[in-house]
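Student: Following this message is one structure expressed as structure tokens.
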Amino acid sequence: MPQKAAESLKEKAKERLSAYLTDEGLRRTPERFAVLEAAYDMPGHFEPEDLIRKLKEGPLKVSRATVYNTLELLQQCQLIRRRDIGAGSVTYERALGFRQHDHLLCLDCGKIFEFCDPRLHTVEESMGRLLGFDVIEHNLTLSGRCQRSECGKKRAEQTEN
Ligand SMILES: [Zn+2]
Ligand SMILES: [Zn+2]
């Protein structure tokens, strides 16, 4: 995403969080906004630990508890989405500026790939009609082995660490 688009997305996200906190009578602390910024600085999927690591580089001291609480808040105001990709831990991704997509998980290197297939929308609609169900979202992860040359190499590096 171009730098400028990413910045305006972040501004939009901050406004939404700000409005949400005011509505809920919660304090608009700098820590909460720091967590939001860190989440929106992540290139794609991230885990709470990634955020904690990133925030350590910043000027504000943000506790683990605050990171976890804020992740809950950000989910409630639909700024991030929790995705159960089955990578062994909870994975989040930002919700603004992302189009509907599903995931492929490599069981060897743990890398997550994204794909978008409009036929899934047809499945949602036809299953919804058939079963009398108002489908709101779906979660689909295909897992297997990626065919990248780096795949095995990356796994070897991870074992060394
Ligand atoms: Zn792989
Ligand atoms: Zn994704």
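Going through the structure tokens in order, the chains are called A, B, and so on, while each chain numbers its residues from 1 and the ligands are numbered from 1 in the order shown.
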Using only C-alpha atoms, determine which residues lie at most 10 Å from Ser89 in chain A, disregarding the query and same-chain residues fewer than 4 positions distant; provide the list as an MDAnalysis selection string.
Tutor: chainID A and resid 46:49 83:85
Student: Taking only C-alpha atoms and all ligand atoms into account, produce a table as JSON lines in which each residue of chain A with an atom at most 7 Å from an atom of ligand 1 appears once, together with its shortest atom pair and the distance in Å to one decimal, ordered by chain and rising number.
Tutor:
```
{"residue": "A:Cys106", "atom": "CA", "partner": "ligand 1", "partner_atom_place_in_ligand_line": "1 (Zn)", "distance": 4.6}
{"residue": "A:Leu107", "atom": "CA", "partner": "ligand 1", "partner_atom_place_in_ligand_line": "1 (Zn)", "distance": 6.6}
{"residue": "A:Asp108", "atom": "CA", "partner": "ligand 1", "partner_atom_place_in_ligand_line": "1 (Zn)", "distance": 4.9}
{"residue": "A:Cys109", "atom": "CA", "partner": "ligand 1", "partner_atom_place_in_ligand_line": "1 (Zn)", "distance": 4.1}
{"residue": "A:Gly110", "atom": "CA", "partner": "ligand 1", "partner_atom_place_in_ligand_line": "1 (Zn)", "distance": 6.2}
{"residue": "A:Lys111", "atom": "CA", "partner": "ligand 1", "partner_atom_place_in_ligand_line": "1 (Zn)", "distance": 5.9}
{"residue": "A:Arg145", "atom": "CA", "partner": "ligand 1", "partner_atom_place_in_ligand_line": "1 (Zn)", "distance": 5.5}
{"residue": "A:Cys146", "atom": "CA", "partner": "ligand 1", "partner_atom_place_in_ligand_line": "1 (Zn)", "distance": 4.2}
{"residue": "A:Gln147", "atom": "CA", "partner": "ligand 1", "partner_atom_place_in_ligand_line": "1 (Zn)", "distance": 6.5}
{"residue": "A:Arg148", "atom": "CA", "partner": "ligand 1", "partner_atom_place_in_ligand_line": "1 (Zn)", "distance": 6.3}
{"residue": "A:Cys151", "atom": "CA", "partner": "ligand 1", "partner_atom_place_in_ligand_line": "1 (Zn)", "distance": 4.1}
{"residue": "A:Gly152", "atom": "CA", "partner": "ligand 1", "partner_atom_place_in_ligand_line": "1 (Zn)", "distance": 6.8}
```
Student: Let me see the file: selected residues, C-alpha atoms, as an mmCIF file, in the first residue's frame.
Tutor:
```cif
data_model
loop_
_atom_site.group_PDB
_atom_site.id
_atom_site.type_symbol
_atom_site.label_atom_id
_atom_site.label_comp_id
_atom_site.auth_asym_id
_atom_site.auth_seq_id
_atom_site.Cartn_x
_atom_site.Cartn_y
_atom_site.Cartn_z
ATOM 1 C CA CYS A 106 2.030 -23.595 4.999
ATOM 2 C CA LEU A 107 2.476 -26.346 7.576
ATOM 3 C CA ASP A 108 6.245 -26.361 7.034
ATOM 4 C CA CYS A 109 7.270 -22.716 7.297
ATOM 5 C CA GLY A 110 4.111 -21.290 8.870
ATOM 6 C CA LYS A 111 3.732 -18.617 6.207
ATOM 7 C CA ARG A 145 2.937 -27.166 1.891
ATOM 8 C CA CYS A 146 4.075 -24.110 0.008
ATOM 9 C CA GLN A 147 6.335 -24.749 -2.951
ATOM 10 C CA ARG A 148 8.704 -21.837 -2.391
ATOM 11 C CA CYS A 151 10.332 -22.816 2.607
ATOM 12 C CA GLY A 152 12.677 -25.504 3.959
#
```
Student: Find the residues near ligand 2. Use a cut-off of 8 Å, count only C-alpha atoms and all ligand atoms, and write them as a VMD selection string.
Tutor: chain A and resid 44 to 45 83 93 101 to 103 112 to 114
Student: Let me see the file: selected residues, N, CA and C atoms, as a tab-separated table (two decimals), in the first residue's frame.
Tutor:
```
chain	number	residue	atom	x	y	z
A	44	GLY	N	0.73	-7.21	7.54
A	44	GLY	CA	-0.42	-8.08	7.24
A	44	GLY	C	-0.93	-8.70	8.51
A	45	HIS	N	-0.82	-10.01	8.61
A	45	HIS	CA	-1.28	-10.70	9.81
A	45	HIS	C	-0.28	-10.51	10.93
A	83	ARG	N	-8.48	-13.74	13.19
A	83	ARG	CA	-8.61	-14.80	12.20
A	83	ARG	C	-8.05	-16.09	12.79
A	93	GLU	N	-5.70	-9.29	11.89
A	93	GLU	CA	-5.32	-8.41	10.79
A	93	GLU	C	-6.21	-7.19	10.83
A	101	HIS	N	-11.06	-11.89	2.06
A	101	HIS	CA	-10.14	-12.88	1.53
A	101	HIS	C	-10.05	-14.07	2.47
A	102	ASP	N	-9.48	-15.13	2.00
A	102	ASP	CA	-9.25	-16.31	2.83
A	102	ASP	C	-7.77	-16.66	2.80
A	103	HIS	N	-7.42	-17.72	3.51
A	103	HIS	CA	-6.00	-17.97	3.74
A	103	HIS	C	-5.54	-19.38	3.37
A	112	ILE	N	1.63	-17.49	5.92
A	112	ILE	CA	0.21	-17.37	5.57
A	112	ILE	C	0.10	-16.66	4.23
A	113	PHE	N	-0.65	-17.22	3.32
A	113	PHE	CA	-0.89	-16.61	2.01
A	113	PHE	C	-2.37	-16.24	1.96
A	114	GLU	N	-2.69	-15.26	1.13
A	114	GLU	CA	-4.09	-14.87	1.02
A	114	GLU	C	-4.60	-15.15	-0.38
```
Student: If you run DSSP over the backbone, which residues in chain A end up alpha helix (DSSP H)? Put them as a ChimeraX atom specification.
Tutor: /A:3-24,30-41,48-56,64-76,119-131,150-160
Student: What does the distance between CA of Pro43 in chain A and CA of Arg27 in chain A come to in Å, to one decimal place?
Tutor: 27.9 Å
Student: Any idea what the distance is between CA of Met42 in chain A and CA of Gln78 in chain A?
Tutor: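 Result for CA of Met42 in chain A versus CA of Gln78 in chain A: 16.6 Å, one decimal.
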Student: Would you give me, as a ChimeraX atom specification, the residues in range 57-137 of chain A that DSSP reads as strand (DSSP E)?
Tutor: /A:80-83,91-94,102-106,112-115
Student: Could you name the residues that touch His121 in chain A at 12 Å or less, counting only C-alpha atoms, but leaving out those on the same chain fewer than 2 positions away, as a list in words?
Tutor: Gln100, His101, Asp102, Cys116, Asp117, Pro118, Arg119, Val123, Glu124, Glu125, Ser126, Met127, Gly128, Val135, Ile136, Glu137, His138 and Asn139 of chain A
Student: For the residues selected in the previous step, produce a file with C-alpha atoms as an mmCIF file, in the first residue's frame.
Tutor:
```
data_model
loop_
_atom_site.group_PDB
_atom_site.id
_atom_site.type_symbol
_atom_site.label_atom_id
_atom_site.label_comp_id
_atom_site.auth_asym_id
_atom_site.auth_seq_id
_atom_site.Cartn_x
_atom_site.Cartn_y
_atom_site.Cartn_z
ATOM 1 C CA GLN A 100 -12.629 -10.069 1.857
ATOM 2 C CA HIS A 101 -10.141 -12.883 1.527
ATOM 3 C CA ASP A 102 -9.248 -16.310 2.828
ATOM 4 C CA CYS A 116 -9.813 -14.271 -2.884
ATOM 5 C CA ASP A 117 -12.309 -16.423 -4.722
ATOM 6 C CA PRO A 118 -15.692 -14.823 -5.456
ATOM 7 C CA ARG A 119 -17.301 -18.265 -5.685
ATOM 8 C CA VAL A 123 -21.636 -20.545 -1.463
ATOM 9 C CA GLU A 124 -22.558 -18.187 1.373
ATOM 10 C CA GLU A 125 -25.672 -17.055 -0.462
ATOM 11 C CA SER A 126 -26.883 -20.460 -1.571
ATOM 12 C CA MET A 127 -26.231 -22.108 1.809
ATOM 13 C CA GLY A 128 -27.898 -19.200 3.550
ATOM 14 C CA VAL A 135 -24.635 -15.586 6.806
ATOM 15 C CA ILE A 136 -22.458 -12.748 8.046
ATOM 16 C CA GLU A 137 -18.973 -14.070 7.478
ATOM 17 C CA HIS A 138 -16.946 -17.175 6.910
ATOM 18 C CA ASN A 139 -13.543 -18.479 7.864
#
```
Student: Excluding Leu55 in chain A and any residue of its chain fewer than 3 positions from it, enumerate the residues within 12 Å of it, using only C-alpha atoms, and give them as a PyMOL selection string.
Tutor: chain A and resi 31-39+41-42+48-52+58-64+66-67
Student: Would you work out the distance separating CA of Tyr68 in chain A from CA of Val90 in chain A, expressed in Å to one decimal?
Tutor: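 Going from CA of Tyr68 in chain A over to CA of Val90 in chain A, I get 11.4 Å.
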